[in-house]
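Shown here: work_5.tsv, TSV, N, CA and C atoms.
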```tsv
chain	number	residue	atom	x	y	z
I	27	MET	N	14.89	-1.43	-8.76
I	27	MET	CA	13.94	-1.29	-7.68
I	27	MET	C	12.64	-0.67	-8.21
I	28	ILE	N	11.55	-1.13	-7.65
I	28	ILE	CA	10.23	-0.59	-7.98
I	28	ILE	C	9.67	0.04	-6.71
I	29	TYR	N	9.18	1.26	-6.85
I	29	TYR	CA	8.53	1.97	-5.75
I	29	TYR	C	7.06	2.09	-6.11
I	30	ARG	N	6.20	1.60	-5.25
I	30	ARG	CA	4.77	1.60	-5.51
I	30	ARG	C	4.10	2.54	-4.51
I	31	LEU	N	3.45	3.56	-5.03
I	31	LEU	CA	2.74	4.54	-4.21
I	31	LEU	C	1.25	4.38	-4.46
I	32	VAL	N	0.52	4.04	-3.42
I	32	VAL	CA	-0.94	3.87	-3.51
I	32	VAL	C	-1.57	4.89	-2.58
I	33	THR	N	-2.37	5.79	-3.17
I	33	THR	CA	-3.01	6.86	-2.40
I	33	THR	C	-4.50	6.57	-2.29
I	34	MET	N	-5.00	6.68	-1.06
I	34	MET	CA	-6.40	6.33	-0.77
I	34	MET	C	-7.01	7.39	0.14
I	35	ARG	N	-8.26	7.67	-0.08
I	35	ARG	CA	-9.02	8.56	0.79
I	35	ARG	C	-10.03	7.70	1.54
I	36	PHE	N	-10.05	7.87	2.87
I	36	PHE	CA	-10.96	7.09	3.69
I	36	PHE	C	-12.00	7.98	4.35
I	37	SER	N	-13.19	7.43	4.52
I	37	SER	CA	-14.22	8.12	5.29
I	37	SER	C	-13.72	8.29	6.72
I	38	GLU	N	-14.02	9.42	7.32
I	38	GLU	CA	-13.51	9.72	8.66
I	38	GLU	C	-13.86	8.64	9.67
I	39	ASP	N	-15.04	8.07	9.55
I	39	ASP	CA	-15.45	7.05	10.51
I	39	ASP	C	-14.71	5.72	10.33
I	40	ARG	N	-13.85	5.63	9.31
I	40	ARG	CA	-13.09	4.40	9.05
I	40	ARG	C	-11.59	4.55	9.29
I	41	TRP	N	-11.13	5.75	9.65
I	41	TRP	CA	-9.70	5.98	9.84
I	41	TRP	C	-9.10	5.00	10.84
I	42	ASP	N	-9.72	4.87	12.00
I	42	ASP	CA	-9.17	4.00	13.04
I	42	ASP	C	-9.14	2.54	12.59
I	43	GLU	N	-10.20	2.11	11.90
I	43	GLU	CA	-10.23	0.73	11.40
I	43	GLU	C	-9.10	0.48	10.41
I	44	PHE	N	-8.90	1.45	9.51
I	44	PHE	CA	-7.83	1.31	8.53
I	44	PHE	C	-6.48	1.24	9.22
I	45	LEU	N	-6.23	2.14	10.16
I	45	LEU	CA	-4.94	2.15	10.87
I	45	LEU	C	-4.71	0.84	11.63
I	46	HIS	N	-5.75	0.34	12.26
I	46	HIS	CA	-5.65	-0.93	12.98
I	46	HIS	C	-5.33	-2.07	12.00
I	47	THR	N	-6.02	-2.11	10.88
I	47	THR	CA	-5.79	-3.15	9.88
I	47	THR	C	-4.37	-3.06	9.33
I	48	TYR	N	-3.94	-1.85	9.00
I	48	TYR	CA	-2.60	-1.68	8.45
I	48	TYR	C	-1.53	-2.17	9.43
I	49	GLN	N	-1.74	-1.88	10.69
I	49	GLN	CA	-0.78	-2.30	11.72
I	49	GLN	C	-0.57	-3.82	11.70
I	50	HIS	N	-1.62	-4.55	11.34
I	50	HIS	CA	-1.53	-6.01	11.30
I	50	HIS	C	-1.02	-6.55	9.97
I	51	VAL	N	-1.32	-5.87	8.87
I	51	VAL	CA	-0.92	-6.41	7.56
I	51	VAL	C	0.50	-5.99	7.16
I	52	GLN	N	0.98	-4.87	7.66
I	52	GLN	CA	2.30	-4.38	7.26
I	52	GLN	C	3.41	-5.41	7.52
I	53	PRO	N	3.46	-6.04	8.69
I	53	PRO	CA	4.52	-7.04	8.90
I	53	PRO	C	4.42	-8.23	7.93
I	54	VAL	N	3.20	-8.58	7.54
I	54	VAL	CA	3.02	-9.70	6.61
I	54	VAL	C	3.51	-9.30	5.21
I	55	ILE	N	3.19	-8.09	4.79
I	55	ILE	CA	3.66	-7.62	3.48
I	55	ILE	C	5.18	-7.72	3.40
I	56	LEU	N	5.83	-7.36	4.48
I	56	LEU	CA	7.30	-7.38	4.51
I	56	LEU	C	7.88	-8.79	4.35
I	57	THR	N	7.08	-9.82	4.56
I	57	THR	CA	7.58	-11.19	4.40
I	57	THR	C	7.50	-11.67	2.96
I	58	PHE	N	6.83	-10.92	2.08
I	58	PHE	CA	6.72	-11.36	0.69
I	58	PHE	C	8.07	-11.26	0.00
I	59	PRO	N	8.40	-12.25	-0.82
I	59	PRO	CA	9.67	-12.21	-1.55
I	59	PRO	C	9.82	-10.92	-2.35
I	60	GLY	N	10.97	-10.30	-2.22
I	60	GLY	CA	11.27	-9.10	-2.99
I	60	GLY	C	10.81	-7.81	-2.36
I	61	CYS	N	10.07	-7.87	-1.25
I	61	CYS	CA	9.62	-6.64	-0.60
I	61	CYS	C	10.74	-6.13	0.30
I	62	ARG	N	11.19	-4.93	0.01
I	62	ARG	CA	12.27	-4.32	0.78
I	62	ARG	C	11.75	-3.46	1.93
I	63	ASP	N	10.60	-2.82	1.69
I	63	ASP	CA	10.07	-1.90	2.71
I	63	ASP	C	8.63	-1.55	2.35
I	64	VAL	N	7.87	-1.18	3.35
I	64	VAL	CA	6.53	-0.64	3.12
I	64	VAL	C	6.24	0.32	4.27
I	65	LYS	N	5.78	1.49	3.89
I	65	LYS	CA	5.50	2.55	4.87
I	65	LYS	C	4.10	3.10	4.65
I	66	LEU	N	3.52	3.59	5.73
I	66	LEU	CA	2.24	4.26	5.65
I	66	LEU	C	2.47	5.75	5.84
I	67	LEU	N	1.91	6.54	4.94
I	67	LEU	CA	2.05	7.99	4.97
I	67	LEU	C	0.67	8.61	5.11
I	68	ARG	N	0.63	9.80	5.71
I	68	ARG	CA	-0.63	10.53	5.84
I	68	ARG	C	-0.43	11.94	5.33
I	69	ASP	N	-1.37	12.42	4.57
I	69	ASP	CA	-1.29	13.75	3.98
I	69	ASP	C	-1.25	14.81	5.08
I	70	GLU	N	-0.33	15.74	4.96
I	70	GLU	CA	-0.18	16.82	5.94
I	70	GLU	C	-1.37	17.78	5.94
I	71	GLN	N	-1.98	17.97	4.78
I	71	GLN	CA	-3.06	18.94	4.64
I	71	GLN	C	-4.45	18.31	4.77
I	72	ASP	N	-4.55	17.03	4.48
I	72	ASP	CA	-5.85	16.36	4.48
I	72	ASP	C	-5.73	15.02	5.21
I	73	PRO	N	-6.17	14.94	6.45
I	73	PRO	CA	-5.99	13.72	7.25
I	73	PRO	C	-6.79	12.52	6.75
I	74	ALA	N	-7.67	12.72	5.78
I	74	ALA	CA	-8.44	11.60	5.23
I	74	ALA	C	-7.64	10.84	4.17
I	75	VAL	N	-6.51	11.42	3.74
I	75	VAL	CA	-5.72	10.82	2.66
I	75	VAL	C	-4.50	10.10	3.24
I	76	PHE	N	-4.41	8.83	2.90
I	76	PHE	CA	-3.29	7.98	3.30
I	76	PHE	C	-2.64	7.43	2.04
I	77	SER	N	-1.35	7.17	2.13
I	77	SER	CA	-0.64	6.51	1.04
I	77	SER	C	0.24	5.42	1.62
I	78	THR	N	0.38	4.36	0.85
I	78	THR	CA	1.39	3.36	1.18
I	78	THR	C	2.50	3.48	0.15
I	79	LEU	N	3.72	3.39	0.62
I	79	LEU	CA	4.89	3.40	-0.25
I	79	LEU	C	5.63	2.10	0.00
I	80	SER	N	5.65	1.25	-1.02
I	80	SER	CA	6.35	-0.03	-0.89
I	80	SER	C	7.50	-0.07	-1.88
I	81	VAL	N	8.52	-0.82	-1.51
I	81	VAL	CA	9.73	-0.94	-2.33
I	81	VAL	C	9.92	-2.42	-2.64
I	82	TRP	N	10.08	-2.71	-3.94
I	82	TRP	CA	10.18	-4.09	-4.41
I	82	TRP	C	11.43	-4.26	-5.26
I	83	ASP	N	12.01	-5.44	-5.20
I	83	ASP	CA	13.19	-5.72	-6.02
I	83	ASP	C	12.87	-5.62	-7.51
I	84	THR	N	11.73	-6.21	-7.91
I	84	THR	CA	11.36	-6.22	-9.33
I	84	THR	C	9.85	-6.08	-9.48
I	85	GLU	N	9.42	-5.79	-10.69
I	85	GLU	CA	7.99	-5.72	-11.01
I	85	GLU	C	7.34	-7.09	-10.78
I	86	ASP	N	8.07	-8.16	-11.08
I	86	ASP	CA	7.53	-9.51	-10.86
I	86	ASP	C	7.22	-9.77	-9.38
I	87	HIS	N	8.08	-9.28	-8.49
I	87	HIS	CA	7.81	-9.44	-7.06
I	87	HIS	C	6.53	-8.70	-6.67
I	88	LEU	N	6.37	-7.48	-7.16
I	88	LEU	CA	5.16	-6.70	-6.88
I	88	LEU	C	3.93	-7.42	-7.43
I	89	THR	N	4.03	-7.91	-8.65
I	89	THR	CA	2.90	-8.62	-9.27
I	89	THR	C	2.54	-9.87	-8.46
I	90	HIS	N	3.53	-10.61	-8.03
I	90	HIS	CA	3.28	-11.80	-7.21
I	90	HIS	C	2.49	-11.42	-5.95
I	91	TYR	N	2.89	-10.35	-5.30
I	91	TYR	CA	2.17	-9.87	-4.11
I	91	TYR	C	0.74	-9.47	-4.47
I	92	ARG	N	0.58	-8.71	-5.55
I	92	ARG	CA	-0.75	-8.22	-5.92
I	92	ARG	C	-1.70	-9.34	-6.35
I	93	MET	N	-1.16	-10.47	-6.77
I	93	MET	CA	-1.98	-11.61	-7.18
I	93	MET	C	-2.23	-12.59	-6.03
I	94	SER	N	-1.67	-12.30	-4.88
I	94	SER	CA	-1.78	-13.23	-3.75
I	94	SER	C	-3.16	-13.18	-3.09
I	95	ALA	N	-3.52	-14.27	-2.46
I	95	ALA	CA	-4.77	-14.32	-1.70
I	95	ALA	C	-4.75	-13.30	-0.57
I	96	PHE	N	-3.58	-13.12	0.04
I	96	PHE	CA	-3.46	-12.14	1.12
I	96	PHE	C	-3.81	-10.74	0.65
I	97	PHE	N	-3.29	-10.33	-0.50
I	97	PHE	CA	-3.61	-9.01	-1.04
I	97	PHE	C	-5.10	-8.89	-1.33
I	98	ARG	N	-5.66	-9.89	-2.01
I	98	ARG	CA	-7.08	-9.84	-2.37
I	98	ARG	C	-7.96	-9.73	-1.12
I	99	GLU	N	-7.62	-10.48	-0.09
I	99	GLU	CA	-8.40	-10.44	1.15
I	99	GLU	C	-8.28	-9.07	1.83
I	100	THR	N	-7.06	-8.56	1.91
I	100	THR	CA	-6.84	-7.25	2.53
I	100	THR	C	-7.57	-6.16	1.76
I	101	TRP	N	-7.41	-6.17	0.44
I	101	TRP	CA	-8.02	-5.14	-0.40
I	101	TRP	C	-9.54	-5.20	-0.31
I	102	SER	N	-10.11	-6.40	-0.29
I	102	SER	CA	-11.57	-6.51	-0.21
I	102	SER	C	-12.09	-6.02	1.14
I	103	THR	N	-11.25	-6.05	2.16
I	103	THR	CA	-11.63	-5.51	3.47
I	103	THR	C	-11.61	-3.99	3.48
I	104	ILE	N	-10.53	-3.39	2.98
I	104	ILE	CA	-10.38	-1.94	3.11
I	104	ILE	C	-11.03	-1.14	1.99
I	105	ARG	N	-11.24	-1.73	0.83
I	105	ARG	CA	-11.79	-0.97	-0.30
I	105	ARG	C	-13.14	-0.33	0.02
I	106	PRO	N	-14.07	-1.02	0.67
I	106	PRO	CA	-15.36	-0.38	0.98
I	106	PRO	C	-15.25	0.82	1.93
I	107	TRP	N	-14.16	0.93	2.66
I	107	TRP	CA	-13.97	2.04	3.59
I	107	TRP	C	-13.52	3.31	2.88
I	108	MET	N	-13.11	3.18	1.64
I	108	MET	CA	-12.58	4.33	0.90
I	108	MET	C	-13.70	5.19	0.35
I	109	SER	N	-13.45	6.48	0.36
I	109	SER	CA	-14.37	7.42	-0.29
I	109	SER	C	-13.64	7.93	-1.53
I	110	GLY	N	-13.98	7.36	-2.64
I	110	GLY	CA	-13.29	7.71	-3.88
I	110	GLY	C	-12.39	6.58	-4.33
I	111	LYS	N	-11.91	6.74	-5.54
I	111	LYS	CA	-11.08	5.72	-6.17
I	111	LYS	C	-9.62	5.87	-5.75
I	112	PRO	N	-8.98	4.77	-5.36
I	112	PRO	CA	-7.56	4.85	-5.03
I	112	PRO	C	-6.72	5.07	-6.30
I	113	VAL	N	-5.55	5.64	-6.11
I	113	VAL	CA	-4.63	5.87	-7.23
I	113	VAL	C	-3.33	5.15	-6.92
I	114	ALA	N	-2.91	4.27	-7.83
I	114	ALA	CA	-1.68	3.51	-7.65
I	114	ALA	C	-0.73	3.82	-8.80
I	115	VAL	N	0.51	4.15	-8.45
I	115	VAL	CA	1.52	4.47	-9.45
I	115	VAL	C	2.81	3.75	-9.07
I	116	SER	N	3.45	3.14	-10.06
I	116	SER	CA	4.74	2.49	-9.84
I	116	SER	C	5.84	3.35	-10.44
I	117	TYR	N	6.94	3.42	-9.72
I	117	TYR	CA	8.11	4.18	-10.16
I	117	TYR	C	9.31	3.25	-10.18
I	118	ARG	N	10.18	3.47	-11.12
I	118	ARG	CA	11.43	2.72	-11.18
I	118	ARG	C	12.56	3.63	-10.76
I	119	GLU	N	13.43	3.11	-9.92
I	119	GLU	CA	14.57	3.88	-9.45
I	119	GLU	C	15.55	4.10	-10.60
I	120	ILE	N	16.04	5.31	-10.72
I	120	ILE	CA	17.06	5.62	-11.72
I	120	ILE	C	18.42	5.50	-11.03
I	121	THR	N	19.26	4.69	-11.60
I	121	THR	CA	20.59	4.51	-11.03
I	121	THR	C	21.64	4.80	-12.11
I	122	TRP	N	22.74	5.32	-11.67
I	122	TRP	CA	23.86	5.57	-12.57
I	122	TRP	C	25.01	4.68	-12.15
I	123	ILE	N	25.72	4.21	-13.14
I	123	ILE	CA	26.89	3.35	-12.85
I	123	ILE	C	28.15	4.16	-13.04
```
What does the file become when written as structure tokens?
Amino acid sequence: MIYRLVTMRFSEDRWDEFLHTYQHVQPVILTFPGCRDVKLLRDEQDPAVFSTLSVWDTEDHLTHYRMSAFFRETWSTIRPWMSGKPVAVSYREITWI
């Protein structure tokens, strides 16, 4: 499993737009092959900071999503609303047999 955490800071005047957009794109993300879950998180101390946490079967599934027209369109919409550079980190689940 791959866990992808993307942290973004948004200008206060764009919070509502981002939340509205996320509400519409989240169900679509879940339809991508290999996507197990995607959640939106908000920083407890700083309401301008949001993170998405998505769970993917494999790195290839995540890459397929990131290369999709849907991702490019969504990202080009929300990127200008951000104040600062987003940070994306992928984690691999550790499992024991």
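Every protein, DNA or RNA residue with an atom at most 5 Å from range 58-67 of chain I, where all atoms listed in the file count and chain neighbours fewer than 5 positions away do not, is listed here: I:Phe76, I:Ser77, I:Thr78, I:Leu79, I:Ser80, I:Val81, I:Trp82, I:Asp83.
Shortest atom-to-atom contact with Lys111 in chain I among I:His50, I:Glu43, I:His90, I:Arg35: I:Arg35, counting only C-alpha atoms.
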Quick one: which range 46-73 of chain I residues come within 10 Å of range 94-97 of chain I, and what is the nearest atom pair for each with the distance in Å to one decimal, counting only C-alpha atoms, rows ordered by chain and ascending number, as a Markdown table?
```
| residue | atom | partner | partner_atom | distance |
| --- | --- | --- | --- | --- |
| I:Val51 | CA | I:Phe96 | CA | 9.0 |
| I:Val54 | CA | I:Phe96 | CA | 8.8 |
| I:Ile55 | CA | I:Phe97 | CA | 8.7 |
| I:Phe58 | CA | I:Ser94 | CA | 9.8 |
```
_Residues within 7 Å of range 106-108 of chain I, all atoms listed in the file, excluding chain neighbours under 6 positions, as a PyMOL selection string_ = chain I and resi 34-37+40
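The two atoms in question, CA of Arg118 in chain I and atom C of Ser102 in chain I, are spaced 28.0 Å apart.
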*Which distance in Å separates atom N of Trp122 in chain I and atom N of Leu31 in chain I, to one decimal?*
20.5 Å
*Point (-10.4, 13.7, 6.5) neighbourhood (7 Å, only C-alpha atoms) written as a PyMOL selection string*: chain I and resi 37-38+72-75
Generate a file of the selected residues that holds N, CA and C atoms, formatted as a compact mmCIF listing (two decimals), keeping the file's coordinate frame.
```txt
# COMPACT_ATOMS: atom_id res chain seq x y z
N SER I 37 -13.19 7.43 4.52
CA SER I 37 -14.22 8.12 5.29
C SER I 37 -13.72 8.29 6.72
N GLU I 38 -14.02 9.42 7.32
CA GLU I 38 -13.51 9.72 8.66
C GLU I 38 -13.86 8.64 9.67
N ASP I 72 -4.55 17.03 4.48
CA ASP I 72 -5.85 16.36 4.48
C ASP I 72 -5.73 15.02 5.21
N PRO I 73 -6.17 14.94 6.45
CA PRO I 73 -5.99 13.72 7.25
C PRO I 73 -6.79 12.52 6.75
N ALA I 74 -7.67 12.72 5.78
CA ALA I 74 -8.44 11.60 5.23
C ALA I 74 -7.64 10.84 4.17
N VAL I 75 -6.51 11.42 3.74
CA VAL I 75 -5.72 10.82 2.66
C VAL I 75 -4.50 10.10 3.24
```
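Atom pair CA of Met93 in chain I / atom N of Thr121 in chain I: separated by 27.1 Å.
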*Enumerate, as a PyMOL selection string, the protein, DNA and RNA residues whose atoms approach (-8.3, -1.6, 7.2) to within 8 Å, taking into account all atoms listed in the file and the coordinate frame of the file.*
chain I and resi 40-49+100+103-105+107
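Restricting the calculation to only C-alpha atoms, the smallest distance between Val32 in chain I and any of I:Ala114, I:Gln52, I:Glu85, I:Arg92 is found for I:Ala114.
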